[in-house]
$ cat run-v7.cif   # mmCIF, C-alpha atoms and all ligand atoms
data_model
#
loop_
_atom_site.label_atom_id
_atom_site.label_comp_id
_atom_site.auth_asym_id
_atom_site.auth_seq_id
_atom_site.Cartn_x
_atom_site.Cartn_y
_atom_site.Cartn_z
CA MET A 1 -205.57 -48.38 51.97
CA LYS A 2 -208.30 -49.40 49.53
CA LYS A 3 -208.51 -47.43 46.30
CA ASN A 4 -212.30 -47.07 46.21
CA ILE A 5 -212.69 -45.10 49.43
CA ILE A 6 -213.59 -41.41 49.58
CA TYR A 7 -210.65 -40.08 51.51
CA LEU A 8 -211.33 -36.75 53.21
CA ASP A 9 -208.65 -36.79 55.91
CA ASN A 10 -205.72 -35.26 54.05
CA ALA A 11 -204.78 -33.05 56.99
CA ALA A 12 -203.84 -36.25 58.85
CA THR A 13 -201.88 -37.66 55.93
CA SER A 14 -202.38 -37.49 52.19
CA TYR A 15 -203.92 -40.31 50.22
CA HIS A 16 -203.80 -41.32 47.39
CA LYS A 17 -200.25 -40.53 46.32
CA PRO A 18 -199.03 -39.95 42.76
CA GLU A 19 -198.04 -43.07 40.75
CA ILE A 20 -194.41 -41.96 40.82
CA TYR A 21 -194.48 -42.17 44.63
CA TYR A 22 -195.28 -45.90 44.57
CA LYS A 23 -192.81 -46.65 41.77
CA THR A 24 -189.98 -44.73 43.42
CA PHE A 25 -190.57 -46.25 46.82
CA ALA A 26 -190.58 -49.81 45.45
CA GLN A 27 -187.38 -49.18 43.54
CA LEU A 28 -185.46 -47.33 46.26
CA ASN A 29 -186.54 -49.67 49.01
CA LEU A 30 -185.11 -52.58 47.05
CA ASN A 31 -181.85 -50.98 45.97
CA LEU A 32 -180.52 -48.46 48.44
CA GLY A 33 -177.73 -48.92 50.99
CA ASN A 34 -176.83 -46.69 53.91
CA PRO A 35 -176.16 -43.12 52.69
CA GLY A 36 -172.74 -41.61 53.30
CA ARG A 37 -171.41 -44.82 54.86
CA GLY A 38 -169.71 -46.55 51.95
CA SER A 39 -168.16 -45.95 48.54
CA TYR A 40 -170.00 -48.82 46.85
CA LYS A 41 -172.88 -48.26 44.46
CA SER A 42 -175.91 -48.76 46.71
CA SER A 43 -174.53 -46.45 49.43
CA LEU A 44 -173.59 -43.78 46.89
CA GLU A 45 -177.04 -44.05 45.30
CA ALA A 46 -178.67 -43.59 48.69
CA ALA A 47 -176.61 -40.42 49.28
CA GLN A 48 -177.49 -39.20 45.78
CA SER A 49 -181.17 -39.83 46.39
CA ILE A 50 -181.06 -37.71 49.57
CA LEU A 51 -179.14 -34.98 47.79
CA ASN A 52 -181.73 -34.90 44.97
CA SER A 53 -184.54 -34.55 47.50
CA ARG A 54 -182.69 -31.76 49.31
CA ILE A 55 -182.32 -29.90 46.02
CA LEU A 56 -186.02 -30.34 45.23
CA ILE A 57 -187.23 -29.11 48.60
CA SER A 58 -184.84 -26.20 48.29
CA GLN A 59 -186.43 -25.32 44.94
CA LEU A 60 -189.88 -25.50 46.45
CA LEU A 61 -188.96 -23.16 49.32
CA ASN A 62 -186.44 -20.98 47.51
CA SER A 63 -184.02 -21.77 50.32
CA PRO A 64 -180.78 -19.76 50.53
CA ASP A 65 -178.84 -23.04 50.52
CA ILE A 66 -179.68 -26.73 50.34
CA GLU A 67 -177.62 -27.25 53.50
CA ASN A 68 -180.08 -25.30 55.62
CA LEU A 69 -182.57 -28.12 55.04
CA ILE A 70 -182.45 -31.03 57.47
CA PHE A 71 -184.36 -34.28 57.02
CA THR A 72 -186.25 -35.61 60.04
CA PRO A 73 -188.68 -38.48 60.66
CA GLY A 74 -191.65 -36.06 60.71
CA CYS A 75 -192.82 -32.60 61.62
CA THR A 76 -193.12 -33.41 65.35
CA TYR A 77 -189.47 -34.39 65.37
CA ALA A 78 -188.59 -31.19 63.50
CA ILE A 79 -190.50 -29.10 66.04
CA ASN A 80 -188.90 -30.86 69.01
CA THR A 81 -185.47 -30.28 67.49
CA VAL A 82 -186.15 -26.56 67.17
CA ILE A 83 -187.71 -26.16 70.61
CA ASN A 84 -185.06 -28.08 72.51
CA GLY A 85 -182.18 -26.62 70.53
CA PHE A 86 -183.44 -23.10 71.07
CA ILE A 87 -184.25 -23.44 74.77
CA HIS A 88 -180.98 -25.14 75.68
CA GLN A 89 -178.82 -22.34 74.33
CA GLN A 90 -176.19 -20.88 76.66
CA GLN A 91 -178.14 -17.64 77.07
CA PHE A 92 -181.02 -19.51 78.75
CA ARG A 93 -178.85 -21.40 81.23
CA ASP A 94 -179.89 -19.14 84.12
CA LYS A 95 -182.87 -17.48 82.53
CA VAL A 96 -186.37 -18.58 81.55
CA ALA A 97 -187.07 -18.28 77.81
CA ASN A 98 -190.20 -16.29 76.94
CA VAL A 99 -192.15 -18.02 74.20
CA LEU A 100 -195.20 -16.58 72.48
CA VAL A 101 -197.60 -18.95 70.75
CA SER A 102 -200.36 -18.41 68.21
CA PRO A 103 -203.88 -19.44 69.30
CA LEU A 104 -204.23 -22.52 67.08
CA GLU A 105 -200.99 -24.34 67.89
CA HIS A 106 -200.80 -28.11 67.51
CA ASN A 107 -199.81 -30.34 70.44
CA ALA A 108 -196.55 -31.02 68.57
CA VAL A 109 -195.56 -27.49 69.67
CA MET A 110 -197.54 -27.19 72.89
CA ARG A 111 -196.53 -30.44 74.56
CA PRO A 112 -192.76 -29.95 74.36
CA LEU A 113 -193.21 -26.34 75.48
CA PHE A 114 -195.49 -27.35 78.34
CA HIS A 115 -192.96 -29.98 79.43
CA LEU A 116 -190.20 -27.35 79.49
CA GLU A 117 -192.47 -24.93 81.32
CA LYS A 118 -192.94 -27.49 84.09
CA GLN A 119 -189.14 -27.56 84.43
CA ASN A 120 -189.07 -23.74 84.70
CA LYS A 121 -187.12 -23.39 81.49
CA VAL A 122 -189.87 -21.69 79.54
CA LYS A 123 -192.69 -19.23 80.15
CA ILE A 124 -195.47 -19.65 77.57
CA HIS A 125 -197.40 -16.52 76.57
CA TYR A 126 -200.66 -16.96 74.67
CA LEU A 127 -202.21 -14.80 71.96
CA THR A 128 -206.01 -14.54 71.95
CA TYR A 129 -207.96 -16.04 69.07
CA ASN A 130 -209.89 -13.94 66.64
CA LEU A 131 -212.08 -15.32 63.87
CA LYS A 132 -211.07 -12.83 61.23
CA THR A 133 -207.27 -12.91 61.30
CA VAL A 134 -206.59 -15.62 63.94
CA ILE A 135 -204.10 -13.25 65.59
CA ASP A 136 -204.80 -9.74 66.74
CA PHE A 137 -201.78 -7.99 65.24
CA GLN A 138 -202.02 -5.09 67.68
CA GLU A 139 -201.84 -7.56 70.55
CA LEU A 140 -198.86 -9.24 68.87
CA ALA A 141 -197.11 -5.87 68.58
CA ASN A 142 -197.86 -5.01 72.23
CA PHE A 143 -196.61 -8.36 73.40
CA THR A 144 -193.31 -8.21 71.61
CA GLN A 145 -192.78 -4.62 72.73
CA THR A 146 -193.72 -5.01 76.39
CA HIS A 147 -192.40 -8.52 77.08
CA ALA A 148 -188.93 -9.69 76.17
CA ILE A 149 -190.22 -12.43 73.86
CA ASP A 150 -187.40 -14.70 72.71
CA ILE A 151 -189.25 -16.78 70.13
CA VAL A 152 -192.68 -16.73 68.47
CA PHE A 153 -194.36 -19.95 67.28
CA ILE A 154 -196.89 -19.67 64.48
CA ASN A 155 -199.03 -22.51 63.21
CA HIS A 156 -199.21 -21.11 59.71
CA VAL A 157 -202.35 -23.04 58.69
CA SER A 158 -204.64 -24.50 61.32
CA ASN A 159 -205.15 -28.25 61.01
CA VAL A 160 -208.63 -27.78 62.50
CA THR A 161 -210.08 -24.64 60.90
CA GLY A 162 -207.88 -24.26 57.80
CA GLN A 163 -207.27 -20.61 58.74
CA ILE A 164 -204.08 -19.07 57.37
CA ILE A 165 -202.09 -16.59 59.48
CA ASP A 166 -200.55 -13.70 57.54
CA LEU A 167 -196.92 -14.65 58.01
CA ASP A 168 -195.40 -11.60 56.39
CA LEU A 169 -197.44 -9.39 58.71
CA VAL A 170 -196.20 -11.40 61.70
CA ARG A 171 -192.62 -10.86 60.61
CA GLU A 172 -193.21 -7.14 60.12
CA THR A 173 -194.92 -6.83 63.50
CA ILE A 174 -192.35 -8.52 65.74
CA LYS A 175 -188.84 -7.23 66.31
CA THR A 176 -186.29 -8.40 63.75
CA SER A 177 -184.21 -9.83 66.63
CA THR A 178 -187.08 -12.08 67.80
CA ALA A 179 -186.83 -15.61 66.48
CA LEU A 180 -189.80 -16.79 64.40
CA ALA A 181 -190.56 -20.52 64.14
CA VAL A 182 -193.25 -21.55 61.67
CA ASP A 183 -195.13 -24.84 61.72
CA ALA A 184 -195.70 -25.52 58.03
CA ALA A 185 -197.29 -28.96 58.48
CA GLN A 186 -200.49 -27.89 56.71
CA SER A 187 -199.39 -25.11 54.37
CA LEU A 188 -197.23 -26.89 51.80
CA PRO A 189 -197.12 -27.11 48.83
CA TYR A 190 -199.80 -24.47 48.26
CA TYR A 191 -198.34 -21.58 50.21
CA ARG A 192 -195.19 -20.55 48.35
CA TYR A 193 -192.47 -19.72 50.87
CA ASP A 194 -189.56 -17.66 49.68
CA LEU A 195 -186.93 -18.31 52.31
CA LYS A 196 -184.39 -16.05 50.63
CA GLN A 197 -186.72 -13.13 51.30
CA GLN A 198 -188.85 -14.05 54.29
CA ASN A 199 -186.46 -13.92 57.25
CA LEU A 200 -187.88 -16.94 59.05
CA SER A 201 -185.71 -18.48 61.75
CA PHE A 202 -187.10 -22.00 61.52
CA LEU A 203 -189.63 -23.73 59.29
CA MET A 204 -190.89 -27.16 60.36
CA ILE A 205 -192.34 -29.33 57.60
CA ALA A 206 -194.30 -32.59 57.34
CA GLY A 207 -193.39 -34.67 54.30
CA HIS A 208 -196.49 -36.85 54.32
CA LYS A 209 -199.34 -34.34 54.14
CA GLY A 210 -199.68 -31.90 51.22
CA LEU A 211 -196.23 -32.82 49.92
CA MET A 212 -197.53 -36.37 49.37
CA GLY A 213 -194.38 -38.06 50.63
CA PRO A 214 -194.31 -41.04 53.02
CA ILE A 215 -195.23 -40.98 56.71
CA GLY A 216 -191.93 -40.81 58.58
CA THR A 217 -190.59 -37.84 56.64
CA GLY A 218 -190.18 -34.22 57.66
CA VAL A 219 -187.83 -31.32 57.12
CA ILE A 220 -186.49 -28.42 59.16
CA TYR A 221 -185.22 -25.26 57.58
CA ILE A 222 -182.71 -23.62 59.91
CA ASN A 223 -181.66 -20.10 59.12
CA ASP A 224 -177.85 -19.64 59.25
CA GLU A 225 -178.30 -17.30 62.20
CA TRP A 226 -179.55 -20.21 64.35
CA GLN A 227 -177.28 -23.02 63.18
CA ASN A 228 -175.44 -22.97 66.52
CA ILE A 229 -178.33 -24.50 68.45
CA ASP A 230 -177.69 -28.02 69.74
CA PRO A 231 -179.04 -31.04 67.86
CA LEU A 232 -181.75 -33.17 69.47
CA ILE A 233 -179.82 -36.40 69.04
CA PHE A 234 -176.13 -37.18 68.63
CA GLY A 235 -174.39 -40.00 66.81
CA GLY A 236 -172.69 -41.15 63.64
CA THR A 237 -173.04 -39.10 60.49
CA GLY A 238 -170.56 -40.84 58.22
CA SER A 239 -168.52 -37.63 58.36
CA TYR A 240 -165.86 -36.19 60.69
CA SER A 241 -165.67 -39.58 62.41
CA ASP A 242 -162.27 -39.03 64.07
CA ASN A 243 -163.93 -36.63 66.49
CA LEU A 244 -166.28 -37.23 69.41
CA ALA A 245 -168.04 -33.94 68.79
CA MET A 246 -170.81 -33.70 66.24
CA PRO A 247 -169.83 -31.99 62.99
CA ASN A 248 -170.69 -28.34 63.49
CA TYR A 249 -171.92 -27.80 59.95
CA LEU A 250 -175.33 -28.28 58.38
CA PRO A 251 -176.98 -30.60 57.57
CA ASP A 252 -174.76 -33.29 59.24
CA LYS A 253 -175.03 -31.68 62.68
CA PHE A 254 -178.76 -32.45 62.78
CA GLU A 255 -178.84 -35.74 60.86
CA ALA A 256 -177.28 -38.27 63.26
CA GLY A 257 -177.79 -41.99 62.62
CA SER A 258 -178.79 -43.77 59.45
CA ILE A 259 -181.43 -41.68 57.79
CA ASN A 260 -184.11 -43.29 55.68
CA ALA A 261 -182.92 -42.74 52.14
CA ALA A 262 -185.79 -44.68 50.54
CA LEU A 263 -188.45 -42.56 52.27
CA ILE A 264 -186.61 -39.31 51.65
CA GLY A 265 -186.02 -40.22 47.99
CA THR A 266 -189.72 -40.98 47.65
CA LEU A 267 -190.60 -37.63 49.19
CA GLY A 268 -188.34 -36.08 46.55
CA ALA A 269 -190.24 -37.89 43.79
CA SER A 270 -193.55 -36.48 45.06
CA ILE A 271 -192.10 -32.97 45.34
CA ASN A 272 -190.75 -33.24 41.83
CA TYR A 273 -194.23 -34.25 40.65
CA LEU A 274 -195.76 -31.25 42.46
CA LEU A 275 -193.20 -28.82 41.05
CA GLN A 276 -194.40 -29.65 37.52
CA LEU A 277 -197.99 -28.67 38.33
CA ASN A 278 -199.89 -25.43 38.35
CA LEU A 279 -200.21 -25.29 42.14
CA PRO A 280 -202.25 -22.03 42.35
CA SER A 281 -204.87 -23.50 40.06
CA ILE A 282 -204.98 -26.78 42.05
CA ILE A 283 -205.48 -25.05 45.40
CA SER A 284 -208.09 -22.76 43.88
CA ASN A 285 -209.97 -25.86 42.76
CA GLN A 286 -209.71 -27.52 46.18
CA THR A 287 -210.89 -24.41 48.06
CA LYS A 288 -213.75 -24.10 45.58
CA MET A 289 -214.83 -27.67 46.49
CA ALA A 290 -214.57 -26.85 50.20
CA TYR A 291 -216.61 -23.73 49.57
CA ASN A 292 -219.33 -25.89 47.99
CA PHE A 293 -219.57 -27.68 51.33
CA ILE A 294 -219.96 -24.31 53.12
CA GLU A 295 -222.69 -23.28 50.67
CA TRP A 296 -224.46 -26.61 51.16
CA SER A 297 -224.24 -26.23 54.96
CA LYS A 298 -226.31 -23.05 54.69
CA LYS A 299 -229.10 -25.13 53.17
CA ILE A 300 -228.99 -27.50 56.16
CA GLY A 301 -229.35 -24.49 58.46
CA ASN A 302 -228.84 -24.85 62.19
CA GLN A 303 -228.65 -28.65 62.06
CA ILE A 304 -224.96 -28.16 61.24
CA GLN A 305 -222.42 -25.82 62.84
CA LEU A 306 -219.11 -24.88 61.26
CA PHE A 307 -216.22 -23.73 63.45
CA GLY A 308 -213.54 -21.14 62.78
CA ILE A 309 -215.48 -19.75 59.85
CA ASP A 310 -218.42 -17.48 59.18
CA LYS A 311 -220.76 -19.44 56.87
CA ASN A 312 -221.47 -16.21 54.97
CA ILE A 313 -217.86 -15.66 53.93
CA SER A 314 -217.44 -14.82 50.24
CA ILE A 315 -215.55 -17.24 48.02
CA THR A 316 -212.84 -14.61 47.44
CA ASN A 317 -212.22 -14.17 51.17
CA TYR A 318 -212.40 -17.90 51.72
CA GLN A 319 -209.78 -18.61 49.07
CA LYS A 320 -207.53 -15.88 50.40
CA ASN A 321 -207.68 -16.81 54.09
CA TYR A 322 -208.26 -20.57 54.24
CA MET A 323 -206.84 -23.87 53.11
CA PRO A 324 -209.47 -26.56 52.39
CA VAL A 325 -209.96 -27.87 55.94
CA ILE A 326 -213.38 -27.49 57.59
CA SER A 327 -214.47 -28.62 61.05
CA PHE A 328 -218.10 -29.08 61.86
CA ARG A 329 -220.62 -30.76 64.11
CA LEU A 330 -224.25 -31.79 63.70
CA THR A 331 -226.33 -30.14 66.40
CA GLY A 332 -227.11 -32.52 69.27
CA ILE A 333 -225.52 -35.55 67.55
CA ASP A 334 -222.48 -37.48 68.67
CA ASN A 335 -219.73 -37.04 66.05
CA SER A 336 -218.85 -40.72 66.03
CA ASN A 337 -222.41 -41.70 64.98
CA LEU A 338 -222.12 -39.65 61.81
CA ILE A 339 -218.61 -40.69 60.86
CA SER A 340 -219.39 -44.40 61.41
CA TYR A 341 -222.52 -44.04 59.26
CA LEU A 342 -220.56 -42.34 56.47
CA ASP A 343 -217.81 -44.94 56.65
CA GLU A 344 -220.21 -47.91 56.59
CA ASN A 345 -222.54 -46.60 53.90
CA TYR A 346 -220.28 -44.53 51.65
CA GLN A 347 -216.67 -45.57 52.51
CA ILE A 348 -216.03 -41.95 53.47
CA CYS A 349 -212.97 -41.38 55.69
CA LEU A 350 -213.41 -38.42 58.03
CA ARG A 351 -211.80 -37.82 61.37
CA SER A 352 -213.55 -36.74 64.56
CA GLY A 353 -212.11 -35.82 67.95
CA LEU A 354 -209.70 -33.16 69.16
CA HIS A 355 -207.24 -33.28 66.24
CA CYS A 356 -204.16 -33.17 68.50
CA SER A 357 -204.75 -29.53 69.24
CA MET A 358 -205.98 -28.83 72.75
CA LEU A 359 -205.36 -25.09 72.36
CA THR A 360 -207.47 -24.83 69.22
CA HIS A 361 -210.41 -26.64 70.77
CA LYS A 362 -210.11 -24.50 73.89
CA ASN A 363 -210.29 -21.38 71.73
CA LEU A 364 -213.19 -22.76 69.69
CA ASN A 365 -214.93 -23.88 72.87
CA THR A 366 -215.21 -27.47 71.61
CA LEU A 367 -212.99 -29.33 74.08
CA ASN A 368 -215.90 -31.33 75.44
CA THR A 369 -217.47 -32.30 72.10
CA GLY A 370 -214.61 -32.41 69.60
CA LEU A 371 -215.29 -31.79 65.92
CA ILE A 372 -215.57 -33.66 62.65
CA ARG A 373 -212.91 -32.54 60.20
CA LEU A 374 -213.10 -32.58 56.44
CA SER A 375 -209.74 -31.99 54.74
CA LEU A 376 -209.30 -32.06 50.99
CA GLY A 377 -206.28 -33.14 49.06
CA HIS A 378 -204.84 -33.47 45.60
CA PHE A 379 -206.99 -36.40 44.49
CA ASN A 380 -210.42 -35.23 45.68
CA THR A 381 -213.09 -34.27 43.19
CA SER A 382 -216.29 -32.26 43.56
CA ARG A 383 -218.15 -35.59 43.33
CA ASP A 384 -216.60 -36.54 46.72
CA ILE A 385 -218.17 -33.45 48.30
CA GLU A 386 -221.53 -34.18 46.64
CA ILE A 387 -221.49 -37.74 48.05
CA LEU A 388 -220.53 -36.41 51.48
CA CYS A 389 -223.34 -33.84 51.52
CA ASN A 390 -225.81 -36.43 50.27
CA GLY A 391 -224.61 -38.88 52.94
CA ILE A 392 -225.07 -36.32 55.73
CA GLU A 393 -228.57 -35.49 54.47
CA ASN A 394 -229.47 -39.19 54.47
CA PHE A 395 -228.01 -39.59 57.95
CA LEU A 396 -230.14 -36.70 59.19
CA LYS A 397 -233.23 -38.46 57.82
CA THR A 398 -232.43 -41.46 60.06
CA GLN A 399 -232.46 -39.30 63.20
C1 LIG M 1 -200.24 -28.24 62.44
C2 LIG M 1 -199.50 -29.52 62.66
N1 LIG M 1 -198.29 -29.48 63.23
C3 LIG M 1 -197.58 -30.61 63.44
C4 LIG M 1 -198.06 -31.84 63.08
C5 LIG M 1 -197.24 -33.08 63.33
O1 LIG M 1 -196.80 -33.65 62.11
P1 LIG M 1 -196.17 -35.11 62.03
O2 LIG M 1 -197.32 -36.06 62.01
O3 LIG M 1 -195.42 -35.13 60.72
O4 LIG M 1 -195.26 -35.32 63.16
C6 LIG M 1 -199.32 -31.93 62.49
C7 LIG M 1 -199.90 -33.25 62.14
O5 LIG M 1 -201.06 -33.47 62.17
C8 LIG M 1 -200.06 -30.73 62.26
O6 LIG M 1 -201.27 -30.75 61.70
#
$ encode --input "run-v7.cif" --output "structure tokens" --more "lines below"
Ligand SMILES: Cc1ncc(COP(=O)(O)O)c(C=O)c1O
Amino acid sequence: MKKNIIYLDNAATSYHKPEIYYKTFAQLNLNLGNPGRGSYKSSLEAAQSILNSRILISQLLNSPDIENLIFTPGCTYAINTVINGFIHQQQFRDKVANVLVSPLEHNAVMRPLFHLEKQNKVKIHYLTYNLKTVIDFQELANFTQTHAIDIVFINHVSNVTGQIIDLDLVRETIKTSTALAVDAAQSLPYYRYDLKQQNLSFLMIAGHKGLMGPIGTGVIYINDEWQNIDPLIFGGTGSYSDNLAMPNYLPDKFEAGSINAALIGTLGASINYLLQLNLPSIISNQTKMAYNFIEWSKKIGNQIQLFGIDKNISITNYQKNYMPVISFRLTGIDNSNLISYLDENYQICLRSGLHCSMLTHKNLNTLNTGLIRLSLGHFNTSRDIEILCNGIENFLKTQ
């Protein structure tokens, strides 16, 4: 990508990346062998690079053990591993699994579940959307008490509205025996998980968004209680090779095939960079910039509509309940006209469409129009928001 663009699509993938990302990738890509497959230097270095990254992600999440963290080629892969592993357990051989989903789930969760529902392996139960807390916690309590829910899926931070679901309240509300799987694609590194304390069953992570690692990286945290689920794929691990069965210990059980040490090592370099920073102050700054956009939108009046947010929200409530992702539409104007104008005239990168989340758009009533999404990241400045607002005002003058 060109350096002089105004990149406002960080919920898709982060850009720019820290200098150390580019340096590490160039170096590892040139030097690493296949991890865990040889005792020569480049293979050992590849294994070491993966180990370092596992330690760093474990620090970020306060994981009980580094071995509970599995590297995957992305968050979608992580989610599919969890869904398929969970649903294909022995206990569901002759029984449909009851799955409860939050109202703003991404297609990465909904499509595999829908596929399994068509095969009568799963029954999906839906929670209704509410603007204030996303989930109605009373409804969540009723659901888990009156239906035998086996697993709850929570999209912790919506990739469309930026709304944060109160995860601790979810855990308190559902039975301790109910599995809880959390899609953390949009929450890291700013939400600080504490996996030693939080009793989450599964956490599915994207390496390339807020963590500023490369596309093609993801992580699953699997709580010890669930380590018996089957892997998604089977194959060589460089360990236990005299046996046709997969190793039954973590992380090898879930890391079949040659895993990409250069990408994972680069993810580690970005996480290490982030761990040195004052993350609360950075997110406070980003949400402040997003809030400036909300304030500006009030000036534009009913020519612009924001979704999943009350324009009159206070900055304190905004910073407590949202990550800096805002979806909007100009009244009566095709989204693509505005984003092409902003791209051509200001080199602004914004995404329009349905953001891979049919359920969210259904709940926001925007399936037929889609939305334009603004998502801030580590390298945005308040100047970027000023240019965006100015660009939209100039666009409106052309209409
Ligand atoms: C909420 C959410 N879940 C899952 C994903 C899938 O992530 P990945 O692109 O790493 O597969 C995304 C990506 O946009 C997302 O926003």
$ closest_atom_pairs --input "run-v7.cif" --of "chain A" --to "ligand LIG 1 (chain M)" --cutoff "10 Å" --atoms "only C-alpha atoms and all ligand atoms" --output "tab-separated table"
residue	atom	partner	partner_atom	distance
A:Asn10	CA	M:LIG1	O5	9.5
A:Ala11	CA	M:LIG1	O6	6.3
A:Ala12	CA	M:LIG1	O5	5.1
A:Thr13	CA	M:LIG1	O5	7.6
A:Thr72	CA	M:LIG1	O3	9.2
A:Pro73	CA	M:LIG1	O3	7.5
A:Gly74	CA	M:LIG1	O3	3.9
A:Cys75	CA	M:LIG1	O3	3.7
A:Thr76	CA	M:LIG1	O4	3.6
A:Tyr77	CA	M:LIG1	O4	6.3
A:Ala78	CA	M:LIG1	O4	7.9
A:Ile79	CA	M:LIG1	C3	7.7
A:Asn80	CA	M:LIG1	O4	9.7
A:Leu104	CA	M:LIG1	C1	8.4
A:Glu105	CA	M:LIG1	C1	6.7
A:His106	CA	M:LIG1	C1	5.1
A:Asn107	CA	M:LIG1	C3	7.4
A:Ala108	CA	M:LIG1	C3	5.2
A:Val109	CA	M:LIG1	C3	7.3
A:Met110	CA	M:LIG1	N1	10.0
A:Ile154	CA	M:LIG1	C1	9.4
A:Asn155	CA	M:LIG1	C1	5.9
A:His156	CA	M:LIG1	C1	7.7
A:Val157	CA	M:LIG1	C1	6.7
A:Ser158	CA	M:LIG1	C1	5.9
A:Asn159	CA	M:LIG1	O6	4.7
A:Val160	CA	M:LIG1	O6	8.0
A:Gly162	CA	M:LIG1	C1	9.8
A:Val182	CA	M:LIG1	N1	9.5
A:Asp183	CA	M:LIG1	N1	5.8
A:Ala184	CA	M:LIG1	C1	6.9
A:Ala185	CA	M:LIG1	C2	4.8
A:Gln186	CA	M:LIG1	C1	5.7
A:Ser187	CA	M:LIG1	C1	8.7
A:Met204	CA	M:LIG1	C3	8.1
A:Ile205	CA	M:LIG1	O3	7.3
A:Ala206	CA	M:LIG1	O3	4.4
A:Gly207	CA	M:LIG1	O3	6.7
A:His208	CA	M:LIG1	O3	6.7
A:Lys209	CA	M:LIG1	O3	7.7
A:Pro214	CA	M:LIG1	O3	9.8
A:Ile215	CA	M:LIG1	O3	7.1
A:Gly216	CA	M:LIG1	O3	7.0
A:Thr217	CA	M:LIG1	O3	6.9
A:Gly218	CA	M:LIG1	O3	6.1
A:Val219	CA	M:LIG1	O3	9.2
A:His355	CA	M:LIG1	O5	7.4
A:Cys356	CA	M:LIG1	O5	7.1
A:Ser357	CA	M:LIG1	C1	8.3
$ residues_around --input "run-v7.cif" --residues "segment 122-131 of chain A" --least-positions-apart "2" --cutoff "6 Å" --atoms "all atoms listed in the file" --output "list in words"
Val96, Ala97, Asn98, Val99, Leu100, Val101, Ser102, Pro103, Leu116, Glu117, Asn120, Thr133, Val134 and Ile135 of chain A
$ write_last_selection --input "run-v7.cif" --atoms "C-alpha atoms" --output "mmCIF file, in the frame of the given file"
data_model
loop_
_atom_site.group_PDB
_atom_site.id
_atom_site.type_symbol
_atom_site.label_atom_id
_atom_site.label_comp_id
_atom_site.auth_asym_id
_atom_site.auth_seq_id
_atom_site.Cartn_x
_atom_site.Cartn_y
_atom_site.Cartn_z
ATOM 1 C CA VAL A 96 -186.370 -18.580 81.550
ATOM 2 C CA ALA A 97 -187.070 -18.280 77.810
ATOM 3 C CA ASN A 98 -190.200 -16.290 76.940
ATOM 4 C CA VAL A 99 -192.150 -18.020 74.200
ATOM 5 C CA LEU A 100 -195.200 -16.580 72.480
ATOM 6 C CA VAL A 101 -197.600 -18.950 70.750
ATOM 7 C CA SER A 102 -200.360 -18.410 68.210
ATOM 8 C CA PRO A 103 -203.880 -19.440 69.300
ATOM 9 C CA LEU A 116 -190.200 -27.350 79.490
ATOM 10 C CA GLU A 117 -192.470 -24.930 81.320
ATOM 11 C CA ASN A 120 -189.070 -23.740 84.700
ATOM 12 C CA THR A 133 -207.270 -12.910 61.300
ATOM 13 C CA VAL A 134 -206.590 -15.620 63.940
ATOM 14 C CA ILE A 135 -204.100 -13.250 65.590
#
$ closest_residue --input "run-v7.cif" --among "A:Asn272, A:Gln163, A:Asn228, A:Ser297" --to "Ile55 of chain A" --atoms "all atoms listed in the file"
A:Asn272
$ residues_around --input "run-v7.cif" --residues "segment 329-344 of chain A" --least-positions-apart "3" --cutoff "7 Å" --atoms "all atoms listed in the file" --output "PyMOL selection string"
chain A and resi 303-306+347-350+352+371-372+391
$ closest_residue --input "run-v7.cif" --among "A:Leu188, A:Leu354, A:Ile387, A:Met289" --to "Leu203 of chain A" --atoms "all atoms listed in the file"
A:Leu188
$ closest_residue --input "run-v7.cif" --among "A:Leu200, A:Cys389, A:Leu30, A:Ile282" --to "Trp296 of chain A" --atoms "all atoms listed in the file"
A:Cys389
$ build_atoms --input "run-v7.cif" --residues "segment 208-215 of chain A" --atoms "N, CA and C atoms" --output "mmCIF file, keeping the file's coordinate frame"
data_model
loop_
_atom_site.group_PDB
_atom_site.id
_atom_site.type_symbol
_atom_site.label_atom_id
_atom_site.label_comp_id
_atom_site.auth_asym_id
_atom_site.auth_seq_id
_atom_site.Cartn_x
_atom_site.Cartn_y
_atom_site.Cartn_z
ATOM 1 N N HIS A 208 -195.459 -35.876 54.703
ATOM 2 C CA HIS A 208 -196.490 -36.850 54.320
ATOM 3 C C HIS A 208 -197.881 -36.249 54.135
ATOM 4 N N LYS A 209 -198.000 -34.943 54.287
ATOM 5 C CA LYS A 209 -199.340 -34.340 54.140
ATOM 6 C C LYS A 209 -199.422 -33.778 52.717
ATOM 7 N N GLY A 210 -199.522 -32.452 52.567
ATOM 8 C CA GLY A 210 -199.680 -31.900 51.220
ATOM 9 C C GLY A 210 -198.532 -32.235 50.274
ATOM 10 N N LEU A 211 -197.359 -32.521 50.812
ATOM 11 C CA LEU A 211 -196.230 -32.820 49.920
ATOM 12 C C LEU A 211 -196.307 -34.239 49.352
ATOM 13 N N MET A 212 -197.243 -35.026 49.881
ATOM 14 C CA MET A 212 -197.530 -36.370 49.370
ATOM 15 C C MET A 212 -196.337 -37.329 49.413
ATOM 16 N N GLY A 213 -195.453 -37.098 50.385
ATOM 17 C CA GLY A 213 -194.380 -38.060 50.630
ATOM 18 C C GLY A 213 -194.844 -39.106 51.632
ATOM 19 N N PRO A 214 -193.927 -39.985 52.081
ATOM 20 C CA PRO A 214 -194.310 -41.040 53.020
ATOM 21 C C PRO A 214 -194.403 -40.544 54.468
ATOM 22 N N ILE A 215 -195.241 -41.205 55.261
ATOM 23 C CA ILE A 215 -195.230 -40.980 56.710
ATOM 24 C C ILE A 215 -193.821 -41.352 57.186
#
